[in-house]
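*Asks:* Below you will find the structure I want to go over with you.
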Amino acid sequence: MDNSQLGIQYMQEGKWEEAAKFFMDEIEKNPQNAVSYVNFGNVLSALGDDTRALSFYQKAIEIDDTTAAAYYSAGAVYYEKEDLESAKTMFEQALAKGLETSDNFFMLGLTYVGLEKGKLAIPYFQRAVELNNQDAEAYFQLGLCLAQSEYIDEAITQFQACISLDATHADAYYNLGVAYGFKEESEKAKEMFDKALEIQPDHLLAGYGKQIIEGK
């Protein structure tokens with residue numbers, strides 16, 4: 001294996017210092033290899049050094065502005081820093097450079113949600129689940145956006161897809177309860193709130209929802 005492959009292997013094992021060494025060796029040998037800067041930036045990000053990580057992503061873009069992974073990784077850092085406008089710009093750039101992955105669509109959706117533009121997030125979450133139909137959280141986020149846009153039946157379908165993949169997703173059961181309550185299907189709503197509380201006994205919203213249903 002070459003330096004990059006070894007570095008990625010160590011990253012996957014959580015051995016960050018070893019990974020950094022191999023990526024730095026690769027940068028020294030091939031200073032025009034943009035991907036090596038992305039990889040080294042990912043190590044720095046994992047270690048919490050976001051400022052330096054961003055500088056390595058920027059260097060990768062300067063070397064080759066078609067390096068989609070650099071935009072995506074920078075977007076992830078900006079998202080964690082709650083700089084949502086910058087995150088959106090980076091994820092959109094990654095998409096423009098050809099990174100049509102479920103992760104990129106998912107993060108774009110989350111960024112729009114953070115910007116309180118949930119309706120605009122819907123197509124990104126839809127594409128995320130089309131590309132990865134095993135992503136429970138993407139189904140959940142899609143369901144939330146649909147529910148907030150008052151597409152209740154469509155939201156129910158997505159929450160059900162979520163719990164079919166993750167039977168312990170208490171928030172999905174809670175939101176199913178809310179959706180069924182909205183449709184005045186009290187028994188189903190109570191059943192969903194009970195399930196959320198079974199999974200997470202301190203789920204305050206589910207407890208409150210159950211009290212409202214039982215008070216009718």
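As shown in the structure tokens, the chain order sets the letters A, B, ...; within each chain, residues go from 1, and ligands are also counted from 1 in the order they appear.
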Compile the contact shell of Pro123 (chain A) as a PyMOL selection string: residues with an atom at most 12 Å away, counting only C-alpha atoms, same-chain residues fewer than 2 positions apart removed.
*Replies:* chain A and resi 102+105-106+108-110+112+117-121+125-130+138-139+141-143+145-146
*Asks:* Using only C-alpha atoms, which residues sit within 8 Å of Tyr173 (chain A) once same-chain residues fewer than 4 positions away are excluded, as a ChimeraX atom specification?
*Replies:* /A:159,163,169,177,192-193,195-196
*Asks:* Please produce a file of those selected residues containing C-alpha atoms, as a PDB file, in the first residue's frame.
*Replies:*
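Contents of again-v7.pdb, freshly written:
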```
ATOM      1  CA  PHE A 159     -41.105   8.040   9.679  1.00  0.00           C
ATOM      2  CA  ILE A 163     -38.298   2.906  12.244  1.00  0.00           C
ATOM      3  CA  HIS A 169     -35.559   5.748  17.014  1.00  0.00           C
ATOM      4  CA  GLY A 177     -47.659  10.084  17.265  1.00  0.00           C
ATOM      5  CA  MET A 192     -46.642   5.691  18.971  1.00  0.00           C
ATOM      6  CA  PHE A 193     -46.145   7.865  22.066  1.00  0.00           C
ATOM      7  CA  LYS A 195     -43.443   3.197  21.939  1.00  0.00           C
ATOM      8  CA  ALA A 196     -41.301   6.343  22.151  1.00  0.00           C
TER       9      ALA A 196
END
```
*Asks:* Tell me which protein, DNA and RNA residues are within 12 Å of Ala206 (chain A), counting only C-alpha atoms, leaving out same-chain ones fewer than 5 positions away, and put them as a PyMOL selection string.
*Replies:* chain A and resi 170-178+181+189-201+211-213
*Asks:* With N, CA, C and O atoms retained, could you export that selection as a short mmCIF file (atom, residue, chain, number, x, y, z; two decimals), in the first residue's frame?
*Replies:*
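In the end it all went to again_27.cif:
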```cif
data_model
loop_
_atom_site.label_atom_id
_atom_site.label_comp_id
_atom_site.auth_asym_id
_atom_site.auth_seq_id
_atom_site.Cartn_x
_atom_site.Cartn_y
_atom_site.Cartn_z
N ALA A 170 -36.59 6.77 18.96
CA ALA A 170 -37.70 7.29 19.76
C ALA A 170 -38.33 8.54 19.13
O ALA A 170 -39.56 8.70 19.16
N ASP A 171 -37.52 9.41 18.56
CA ASP A 171 -38.06 10.64 17.98
C ASP A 171 -38.95 10.36 16.78
O ASP A 171 -39.91 11.10 16.52
N ALA A 172 -38.63 9.29 16.02
CA ALA A 172 -39.48 8.94 14.89
C ALA A 172 -40.85 8.47 15.38
O ALA A 172 -41.89 8.84 14.82
N TYR A 173 -40.86 7.66 16.45
CA TYR A 173 -42.14 7.23 17.02
C TYR A 173 -42.92 8.43 17.56
O TYR A 173 -44.14 8.53 17.37
N TYR A 174 -42.22 9.35 18.23
CA TYR A 174 -42.89 10.53 18.75
C TYR A 174 -43.54 11.33 17.61
O TYR A 174 -44.71 11.74 17.70
N ASN A 175 -42.80 11.54 16.54
CA ASN A 175 -43.34 12.33 15.43
C ASN A 175 -44.45 11.58 14.69
O ASN A 175 -45.36 12.22 14.16
N LEU A 176 -44.39 10.26 14.68
CA LEU A 176 -45.52 9.49 14.16
C LEU A 176 -46.75 9.75 15.03
O LEU A 176 -47.87 9.89 14.51
N GLY A 177 -46.55 9.79 16.36
CA GLY A 177 -47.66 10.08 17.26
C GLY A 177 -48.28 11.44 16.98
O GLY A 177 -49.51 11.58 16.93
N VAL A 178 -47.43 12.43 16.76
CA VAL A 178 -47.91 13.78 16.44
C VAL A 178 -48.71 13.75 15.13
O VAL A 178 -49.79 14.35 15.03
N GLY A 181 -51.97 12.10 15.62
CA GLY A 181 -52.81 13.01 16.38
C GLY A 181 -53.40 14.10 15.49
O GLY A 181 -54.58 14.45 15.60
N ALA A 189 -51.95 7.30 17.63
CA ALA A 189 -51.08 8.32 18.23
C ALA A 189 -50.59 7.85 19.59
O ALA A 189 -49.39 7.93 19.89
N LYS A 190 -51.51 7.36 20.43
CA LYS A 190 -51.13 6.89 21.76
C LYS A 190 -50.14 5.73 21.66
O LYS A 190 -49.16 5.67 22.41
N GLU A 191 -50.39 4.82 20.72
CA GLU A 191 -49.49 3.68 20.53
C GLU A 191 -48.07 4.15 20.20
O GLU A 191 -47.09 3.61 20.71
N MET A 192 -47.96 5.17 19.36
CA MET A 192 -46.64 5.69 18.97
C MET A 192 -45.96 6.41 20.14
O MET A 192 -44.76 6.25 20.36
N PHE A 193 -46.72 7.20 20.89
CA PHE A 193 -46.14 7.87 22.07
C PHE A 193 -45.66 6.83 23.08
O PHE A 193 -44.58 6.98 23.68
N ASP A 194 -46.47 5.78 23.28
CA ASP A 194 -46.07 4.71 24.21
C ASP A 194 -44.77 4.05 23.77
O ASP A 194 -43.90 3.74 24.59
N LYS A 195 -44.65 3.84 22.47
CA LYS A 195 -43.44 3.20 21.94
C LYS A 195 -42.23 4.09 22.16
O LYS A 195 -41.15 3.62 22.55
N ALA A 196 -42.40 5.40 21.92
CA ALA A 196 -41.30 6.34 22.15
C ALA A 196 -40.87 6.32 23.61
O ALA A 196 -39.67 6.32 23.92
N LEU A 197 -41.85 6.26 24.53
CA LEU A 197 -41.55 6.25 25.96
C LEU A 197 -40.94 4.93 26.40
O LEU A 197 -40.14 4.89 27.34
N GLU A 198 -41.32 3.86 25.74
CA GLU A 198 -40.73 2.55 26.04
C GLU A 198 -39.24 2.57 25.71
O GLU A 198 -38.41 2.03 26.46
N ILE A 199 -38.90 3.20 24.59
CA ILE A 199 -37.50 3.28 24.17
C ILE A 199 -36.74 4.30 25.01
O ILE A 199 -35.60 4.07 25.42
N GLN A 200 -37.39 5.43 25.26
CA GLN A 200 -36.75 6.54 25.99
C GLN A 200 -37.73 7.06 27.05
O GLN A 200 -38.51 7.98 26.79
N PRO A 201 -37.70 6.48 28.25
CA PRO A 201 -38.68 6.84 29.29
C PRO A 201 -38.72 8.32 29.66
O PRO A 201 -39.74 8.81 30.13
N GLN A 211 -50.30 12.54 27.32
CA GLN A 211 -51.24 13.18 28.25
C GLN A 211 -52.36 13.90 27.49
O GLN A 211 -53.53 13.83 27.88
N ILE A 212 -52.00 14.57 26.43
CA ILE A 212 -53.01 15.30 25.63
C ILE A 212 -54.01 14.31 25.03
O ILE A 212 -55.22 14.52 25.08
N ILE A 213 -53.49 13.21 24.45
CA ILE A 213 -54.36 12.21 23.84
C ILE A 213 -55.29 11.60 24.88
O ILE A 213 -56.50 11.45 24.66
#
```
*Asks:* Which residues are near Thr89 (chain A)? Cut-off 10 Å, only C-alpha atoms, ignore same chain within fewer than 6 positions. Put them as a PyMOL selection string.
*Replies:* chain A and resi 71-72+74-75+78+95+108+111
*Asks:* What does the file look like for those residues with N, CA, C and O atoms, as a tab-separated table (two decimals), in the first residue's frame?
*Replies:*
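Below is the file result18.tsv, written as the result:
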```tsv
chain	number	residue	atom	x	y	z
A	71	TYR	N	-14.33	20.48	-0.86
A	71	TYR	CA	-15.48	21.33	-0.57
A	71	TYR	C	-16.39	20.65	0.46
A	71	TYR	O	-16.87	21.30	1.39
A	72	TYR	N	-16.60	19.35	0.29
A	72	TYR	CA	-17.48	18.62	1.22
A	72	TYR	C	-16.90	18.65	2.64
A	72	TYR	O	-17.62	18.94	3.60
A	74	ALA	N	-14.77	20.75	3.91
A	74	ALA	CA	-14.84	22.12	4.45
A	74	ALA	C	-16.26	22.43	4.90
A	74	ALA	O	-16.48	23.04	5.95
A	75	GLY	N	-17.25	21.98	4.12
A	75	GLY	CA	-18.64	22.19	4.48
A	75	GLY	C	-18.97	21.54	5.81
A	75	GLY	O	-19.68	22.13	6.64
A	78	TYR	N	-17.56	23.71	8.59
A	78	TYR	CA	-18.37	24.92	8.78
A	78	TYR	C	-19.71	24.58	9.45
A	78	TYR	O	-20.20	25.34	10.29
A	95	LEU	N	-21.29	19.59	-4.80
A	95	LEU	CA	-22.28	19.04	-5.74
A	95	LEU	C	-21.98	19.48	-7.16
A	95	LEU	O	-22.01	18.67	-8.10
A	108	LEU	N	-26.53	18.87	2.85
A	108	LEU	CA	-27.18	20.06	2.28
A	108	LEU	C	-28.57	20.23	2.88
A	108	LEU	O	-28.98	21.33	3.24
A	111	THR	N	-28.32	21.51	6.39
A	111	THR	CA	-27.92	22.92	6.41
A	111	THR	C	-29.13	23.81	6.14
A	111	THR	O	-29.32	24.84	6.81
```
*Asks:* Find the spatial neighbours of Ala69 (chain A), counting only C-alpha atoms, within a cut-off of 8 Å - ignore same-chain residues fewer than 3 positions away - and output them as a PyMOL selection string.
*Replies:* chain A and resi 35+38+72-73+94+99
*Asks:* Here is a test: counting only C-alpha atoms, which residue of A:Leu144, A:Ile8, A:Met90, A:Ala136 is nearest to Leu165 (chain A)?
*Replies:*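 Once distances to Leu165 (chain A) are computed over only C-alpha atoms, the minimum belongs to A:Ala136.
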*Asks:* Show me, as a list in words, the residues that have an atom within 10 Å of Gln32 (chain A) when counting only C-alpha atoms, minus same-chain residues fewer than 6 positions from it.
*Replies:*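 Selected residues are Glu26, Lys59, Ala60, Glu62, Ile63 and Asp64 of chain A.
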*Asks:* One decimal, Å: what's the distance from CA of Asn3 (chain A) over to CA of Lys21 (chain A), could you say?
*Replies:*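 CA of Lys21 (chain A) lies 8.8 Å from CA of Asn3 (chain A).
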*Asks:* Which one of A:Asp135, A:Ala179, A:Val43, A:Ile61 sits closest to Glu13 (chain A) if you count only C-alpha atoms?
*Replies:* A:Val43
*Asks:* Could you state the separation of CA of Gly98 (chain A) and CA of Ala68 (chain A) in Å, given to one decimal place?
*Replies:*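 According to the coordinates, CA of Gly98 (chain A) and CA of Ala68 (chain A) are separated by 6.7 Å.
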*Asks:* Write out as JSON, numbers by chain all residues of region 114-203 of chain A that DSSP puts in alpha helix (DSSP H) for this structure's backbone.
*Replies:* {"A": [114, 118, 119, 120, 121, 122, 123, 124, 125, 126, 127, 128, 129, 130, 131, 136, 137, 138, 139, 140, 141, 142, 143, 144, 145, 146, 147, 148, 152, 153, 154, 155, 156, 157, 158, 159, 160, 161, 162, 163, 164, 165, 170, 171, 172, 173, 174, 175, 176, 177, 178, 179, 180, 181, 182, 186, 187, 188, 189, 190, 191, 192, 193, 194, 195, 196, 197, 198, 199]}
*Asks:* Provide the CA of Gln58 (chain A) to CA of Tyr10 (chain A) distance in Å, to one decimal place.
*Replies:* 23.5 Å
*Asks:* Name the closest residue to Ala167 (chain A) among the candidates A:Ala96, A:Gly215, A:Glu85, A:Glu137; distances are taken between atoms, counting only C-alpha atoms.
*Replies:*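 With only C-alpha atoms as the atom set, the closest residue is A:Glu137.
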*Asks:* A:Met11, A:Gly114, A:Met107, A:Glu150: which is nearest Asp83 (chain A), counting only C-alpha atoms?
*Replies:*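 For Asp83 (chain A), the nearest of the given residues is A:Gly114.
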